[in-house]
Structure formats: structure tokens, C-alpha cells
>>> print(open('target_35.txt').read())   # compact mmCIF, C-alpha atoms and all ligand atoms
# COMPACT_ATOMS: atom_id res chain seq x y z
CA MET C 3 -2.23 16.47 7.97
CA ALA C 4 -1.66 18.42 11.21
CA ASN C 5 -4.35 16.66 13.24
CA ARG C 6 -3.78 13.20 11.75
CA ARG C 7 -4.09 10.48 14.38
CA ILE C 8 -4.21 7.44 12.11
CA ASN C 9 -1.21 6.10 10.23
CA ILE C 10 -2.86 5.71 6.83
CA CYS C 11 -0.14 3.35 5.62
CA LYS C 12 -0.88 1.03 8.57
CA PRO C 13 -4.29 1.90 9.98
CA GLY C 14 -5.02 -1.44 11.66
CA PHE C 15 -8.09 -3.61 11.03
CA GLY C 16 -6.02 -5.89 8.80
CA ALA C 17 -5.36 -3.13 6.27
CA SER C 18 -2.01 -1.87 5.04
CA CYS C 19 -0.66 0.03 2.07
CA ALA C 20 2.56 0.25 0.10
CA LEU C 21 1.04 1.38 -3.18
CA CYS C 22 3.53 4.22 -3.61
CA CYS C 23 6.38 1.75 -3.04
CA GLY C 24 5.09 -0.37 -5.92
CA SER C 25 3.24 -3.17 -4.12
CA HIS C 26 0.83 -3.45 -7.05
CA ASN C 27 3.35 -2.89 -9.83
CA PHE C 28 3.94 -6.49 -10.84
CA ASN C 29 2.91 -8.09 -14.08
CA LEU C 30 1.62 -11.02 -12.06
CA PRO C 31 -1.70 -12.30 -10.70
CA LEU C 32 -2.64 -11.20 -7.19
CA GLU C 33 -1.96 -14.61 -5.62
CA LYS C 34 1.56 -14.70 -7.04
CA ILE C 35 2.33 -11.19 -5.78
CA GLU C 36 1.28 -12.26 -2.29
CA ILE C 37 3.48 -15.35 -2.34
CA LEU C 38 6.38 -13.28 -3.58
CA LEU C 39 6.00 -10.59 -0.91
CA GLN C 40 5.47 -13.16 1.85
CA GLY C 41 8.77 -14.74 0.86
CA ARG C 42 10.69 -11.56 1.60
CA MET C 43 11.92 -11.81 5.15
CA ARG C 44 13.68 -9.16 7.16
CA ASP C 45 16.91 -11.20 7.22
CA SER C 46 16.87 -12.00 3.51
CA SER C 47 20.34 -10.82 2.60
CA ALA C 48 19.62 -11.22 -1.11
CA LEU C 49 17.16 -8.34 -0.89
CA TYR C 50 18.37 -6.48 2.14
CA TYR C 51 20.28 -3.64 0.58
CA LYS C 52 18.54 -3.29 -2.74
CA HIS C 53 17.98 0.30 -3.73
CA PRO C 54 14.27 1.21 -3.79
CA HIS C 55 14.55 2.11 -7.47
CA GLU C 56 15.66 -1.38 -8.39
CA SER C 57 13.09 -3.94 -9.46
CA LEU C 58 13.35 -7.71 -9.54
CA PHE C 59 10.34 -8.64 -11.66
CA GLU C 60 8.57 -7.43 -14.77
CA LYS C 61 6.63 -4.29 -13.98
CA ARG C 62 3.09 -3.51 -15.04
CA PHE C 63 3.94 0.19 -15.26
CA SER C 64 7.48 0.69 -16.47
CA ASP C 65 7.84 4.20 -15.02
CA GLY C 66 6.50 3.23 -11.57
CA MET C 67 8.40 1.90 -8.59
CA GLN C 68 8.56 -1.77 -7.66
CA CYS C 69 10.71 -1.45 -4.55
CA PRO C 70 12.37 -4.75 -3.63
CA ASN C 71 12.04 -3.85 0.06
CA VAL C 72 8.25 -4.19 0.18
CA ALA C 73 7.38 -7.33 2.15
CA MET C 74 4.38 -8.99 3.74
CA ASP C 75 4.20 -10.36 7.27
CA GLU C 76 2.33 -13.39 8.61
CA GLU C 77 -0.79 -11.23 9.04
CA ASN C 78 -0.67 -10.40 5.31
CA GLU C 79 0.19 -6.80 6.13
CA LEU C 80 2.78 -4.95 4.11
CA PHE C 81 5.91 -3.51 5.65
CA CYS C 82 9.27 -2.09 4.62
CA LEU C 83 12.20 -4.46 5.09
CA ILE C 84 14.67 -1.69 5.75
CA TYR C 85 12.53 0.86 7.60
CA ASN C 86 14.17 0.35 10.99
CA ASP C 87 17.46 -0.97 9.74
CA PRO C 88 20.31 1.24 11.01
CA PHE C 89 22.78 -0.33 8.60
CA LYS C 90 21.48 0.86 5.26
CA SER C 91 24.13 1.60 2.68
CA ALA C 92 24.84 5.30 2.15
CA GLU C 93 23.03 5.31 -1.18
CA VAL C 94 19.95 3.54 0.17
CA ASN C 95 20.00 5.67 3.31
CA SER C 96 20.07 8.83 1.23
CA PHE C 97 17.02 7.80 -0.78
CA PHE C 98 15.23 6.55 2.31
CA ASN C 99 15.72 9.73 4.30
CA GLY C 100 15.25 12.04 1.33
CA THR C 101 12.22 10.39 -0.23
CA CYS C 102 10.64 7.49 1.68
CA LYS C 103 10.39 9.24 5.04
CA ASN C 104 9.01 12.42 3.54
CA PHE C 105 6.49 11.11 1.05
CA TYR C 106 2.80 11.48 1.79
CA CYS C 107 0.19 10.59 -0.79
CA PRO C 108 -2.93 12.80 -1.21
CA ALA C 109 -4.89 10.58 1.19
CA TRP C 110 -2.89 12.13 4.03
CA ASP C 111 -4.19 15.57 3.15
CA TYR C 112 -7.71 14.88 1.96
CA LEU C 113 -9.11 11.97 3.99
CA SER C 114 -10.44 12.25 7.52
CA ASP C 115 -9.48 9.64 10.12
CA GLU C 116 -13.07 8.37 9.96
CA GLU C 117 -12.83 7.86 6.20
CA VAL C 118 -9.53 6.01 6.58
CA ILE C 119 -10.96 3.71 9.26
CA PHE C 120 -14.02 3.12 7.10
CA ALA C 121 -11.77 2.03 4.21
CA ALA C 122 -9.59 -0.11 6.47
CA LYS C 123 -12.54 -1.94 7.98
CA LEU C 124 -14.26 -2.32 4.62
CA MET C 125 -11.30 -3.87 2.82
CA SER C 126 -9.14 -5.30 5.64
CA ASP C 127 -6.41 -6.14 3.16
CA TRP C 128 -3.38 -4.70 1.37
CA TYR C 129 -4.65 -4.80 -2.20
CA TYR C 130 -8.03 -3.05 -2.30
CA TYR C 131 -7.41 -0.84 0.73
CA GLY C 132 -4.43 0.79 -1.00
CA LEU C 133 -6.47 1.35 -4.14
CA LEU C 134 -9.50 2.70 -2.27
CA ILE C 135 -7.67 5.33 -0.22
CA ASN C 136 -6.06 6.56 -3.40
CA ASN C 137 -9.49 7.01 -4.96
CA ILE C 138 -10.27 10.00 -2.77
CA GLU C 139 -13.58 11.09 -4.30
CA GLY C 140 -14.89 7.54 -4.60
CA LEU C 141 -14.10 6.80 -0.97
CA LYS C 142 -15.66 10.05 0.24
CA GLU C 143 -18.89 9.25 -1.64
CA LEU C 144 -18.98 5.73 -0.26
CA PHE C 145 -18.36 6.90 3.29
CA ALA C 146 -21.07 9.57 3.03
CA GLN C 147 -23.52 6.96 1.79
CA TYR C 148 -22.87 4.25 4.38
CA ILE C 149 -20.81 5.63 7.31
CA ASP C 150 -20.65 2.07 8.70
CA PRO C 151 -18.64 -0.33 6.48
CA ALA C 152 -20.78 -3.23 7.69
CA MET C 153 -23.73 -1.64 5.87
CA VAL C 154 -22.13 -1.93 2.42
CA PRO C 155 -23.94 -4.79 0.65
CA TYR C 156 -21.75 -7.71 -0.42
CA GLU C 157 -22.56 -7.32 -4.12
CA GLU C 158 -21.77 -3.64 -4.04
CA LEU C 159 -18.47 -4.37 -2.33
CA GLU C 160 -17.57 -6.83 -5.06
CA ASN C 161 -18.45 -4.23 -7.71
CA ILE C 162 -16.33 -1.61 -5.94
CA LYS C 163 -13.38 -3.98 -5.87
CA GLN C 164 -13.74 -4.71 -9.57
CA GLU C 165 -13.97 -1.00 -10.37
CA LEU C 166 -10.88 -0.21 -8.31
CA HIS C 167 -8.96 -2.94 -10.04
CA ASP C 168 -10.12 -1.80 -13.48
CA MET C 169 -9.39 1.87 -12.76
CA VAL C 170 -5.75 1.07 -12.21
CA PHE C 171 -5.14 -1.88 -14.44
CA ASP C 172 -7.74 -1.26 -17.13
CA PHE C 173 -8.54 -4.81 -18.08
S1 LIG C 201 0.20 5.38 -1.05
FE1 LIG C 201 -0.11 6.70 0.78
S2 LIG C 201 -1.00 5.35 2.32
FE2 LIG C 201 -0.10 4.05 0.74
S3 LIG C 201 1.99 3.63 1.50
FE3 LIG C 201 2.11 5.43 0.17
S4 LIG C 201 1.93 7.19 1.56
FE4 LIG C 201 1.19 5.36 2.68
S1 LIG C 202 12.53 1.44 0.97
FE1 LIG C 202 10.67 1.00 2.15
S2 LIG C 202 9.55 2.95 2.30
FE2 LIG C 202 11.10 3.17 0.66
S3 LIG C 202 10.03 2.64 -1.25
FE3 LIG C 202 10.95 0.76 -0.45
S4 LIG C 202 9.39 -0.24 0.79
FE4 LIG C 202 8.77 1.90 0.49
>>> encode(input="target_35.txt", output="C-alpha cells", more="lines below")
Ligand code: SF4
Ligand code: SF4
Amino acid sequence: MANRRINICKPGFGASCALCCGSHNFNLPLEKIEILLQGRMRDSSALYYKHPHESLFEKRFSDGMQCPNVAMDEENELFCLIYNDPFKSAEVNSFFNGTCKNFYCPAWDYLSDEEVIFAAKLMSDWYYYGLLINNIEGLKELFAQYIDPAMVPYEELENIKQELHDMVFDF
């Protein structure tokens, strides 16, 4: 991670990730998750000070997070509602500083910047990008095969998306 130049959580190219915050952990169809996250605004006092361990909707994985502070901006990129908020409650602040700010998924250690950019350009979204960068070996193989995301055939891309979805949700 020492030479990391790219913020893997927000690499640009229309891609973003909040998988570890629980962005995918809803027992809802993709379109409904998007609407729900888009509806969370930075000044939404109903959600503002929720503790990251709280959840507001039925989870797909009961032991996983579904942080109520994950939101989506007008570019359909994920962000944390309270990341830059200086007025977090003591309890939320403690979790945020102790866990959120110090958590790095394996992608931070095992993916090169080039592999991250490849994934970001290939998916340009929040849903499949987050799944792809957490499939380290699969992404490395794909990158080695194509190098340029524009060279991945459409049908193969669709198959990759289906596989990523099935790997996590198994249906
Ligand atoms: S899963 Fe990794 S890339 Fe995604 S938000 Fe968490 S730390 Fe960032
Ligand atoms: S508070 Fe922010 S960084 Fe922490 S889990 Fe929630 S969305 Fe992620």
C-alpha cells in the first residue's frame, strides 16, 4: 500500500465502492437500492447520526454491515454522509476513527494502480466495480488477458457481471 496513488474506494472513471460499508447488503433489487441510496442526502437529519452498525432495511447477510451513512450522489457515485462531518456524536466518532478510517480491504494490498484503473474503466459503476476489485484473482487474470478494458468483448463483460453477482449472492 506504500506506493498507492489511486484511491481504490473512489478511483474516478465513474466507479466507486462502499462494499465494506454494506452498499450491497440489502435484500432488494439493484434498482431499488440505487433509489434508496440516492435519497440519502448529506443534510438528511433522519440518517445523519446513525451508528454505522445500525441498519434500516432487511439485510441479505445478517452478519454484514448495512451502514445507514452510505449514500449516492448525482453522478451515481457512493460516498459517506458523515465522512467530513465534524459534529459526529462521540459514539459514532469513536467507531469512525477506530474502524472506518483505518479499514483497507485486500484490494489495497494486492492490486496495482493499473489493475484498479482497468476495473474502474471496465465497470464505471458502484455495483460491479466493488465486486470486481474484491475478486482479486479474477481481476488479475482479466487484466493480464486484456490490459485495455475497451478490448473486453461485450458478451464476456456481461458474463463477468453475472458471475460476480452469482459469486456473492448465489442465485
Ligand atoms: S471494499 Fe475496499 S475499496 Fe471498497 S470501500 Fe471498502 S476499503 Fe474501499
Ligand atoms: S460511516 Fe461512512 S465509512 Fe463508516 S461504514 Fe458508514 S459509510 Fe462506511
>>> closest_residue(input="target_35.txt", among="C:Ala73, C:Ala17, C:Ala122, C:Leu30", to="ligand LIG 202 (chain C)", atoms="all atoms listed in the file")
C:Ala73
>>> residues_near_ligand(input="target_35.txt", ligand="ligand LIG 201 (chain C)", cutoff="6 Å", atoms="only C-alpha atoms and all ligand atoms", output="list in words")
Ile10, Cys11, Cys19, Ala20, Leu21, Cys22, Tyr106, Cys107 and Gly132 of chain C
>>> closest_residue(input="target_35.txt", among="C:Asn86, C:Pro54, C:Ile35, C:Val170", to="Thr101 (chain C)", atoms="only C-alpha atoms")
C:Pro54
>>> residues_near_point(input="target_35.txt", point="(17.7, 1.6, -6.8)", cutoff="9 Å", atoms="all atoms listed in the file", output="count of residues only")
11
>>> residues_around(input="target_35.txt", residues="region 154-168 of chain C", least_positions_apart="4", cutoff="9 Å", atoms="all atoms listed in the file", output="number ranges by chain")
C: 124-125, 130, 133-134, 137, 144, 148, 150, 172-173
>>> residues_around(input="target_35.txt", residues="Lys12 (chain C)", least_positions_apart="4", cutoff="12 Å", atoms="only C-alpha atoms", output="count of residues only")
23
>>> closest_residue(input="target_35.txt", among="C:Asn9, C:Ser91, C:Asn104, C:Asn27", to="Ser64 (chain C)", atoms="all atoms listed in the file")
C:Asn27
>>> closest_residue(input="target_35.txt", among="C:Asn95, C:Ala109, C:Met74, C:Leu141", to="Ile37 (chain C)", atoms="only C-alpha atoms")
C:Met74
>>> atom_distance(input="target_35.txt", atom1="CA of Gln40 (chain C)", atom2="CA of Asp75 (chain C)")
6.2 Å
>>> closest_residue(input="target_35.txt", among="C:Lys61, C:His26, C:Lys142, C:Lys103", to="ligand LIG 202 (chain C)", atoms="only C-alpha atoms and all ligand atoms")
C:Lys103
>>> closest_residue(input="target_35.txt", among="C:Phe105, C:Phe15, C:Phe28, C:Phe120", to="ligand LIG 202 (chain C)", atoms="all atoms listed in the file")
C:Phe105
>>> atom_distance(input="target_35.txt", atom1="CA of Gly41 (chain C)", atom2="CA of Met67 (chain C)")
19.1 Å
>>> atom_distance(input="target_35.txt", atom1="CA of Arg42 (chain C)", atom2="CA of Val72 (chain C)")
7.9 Å
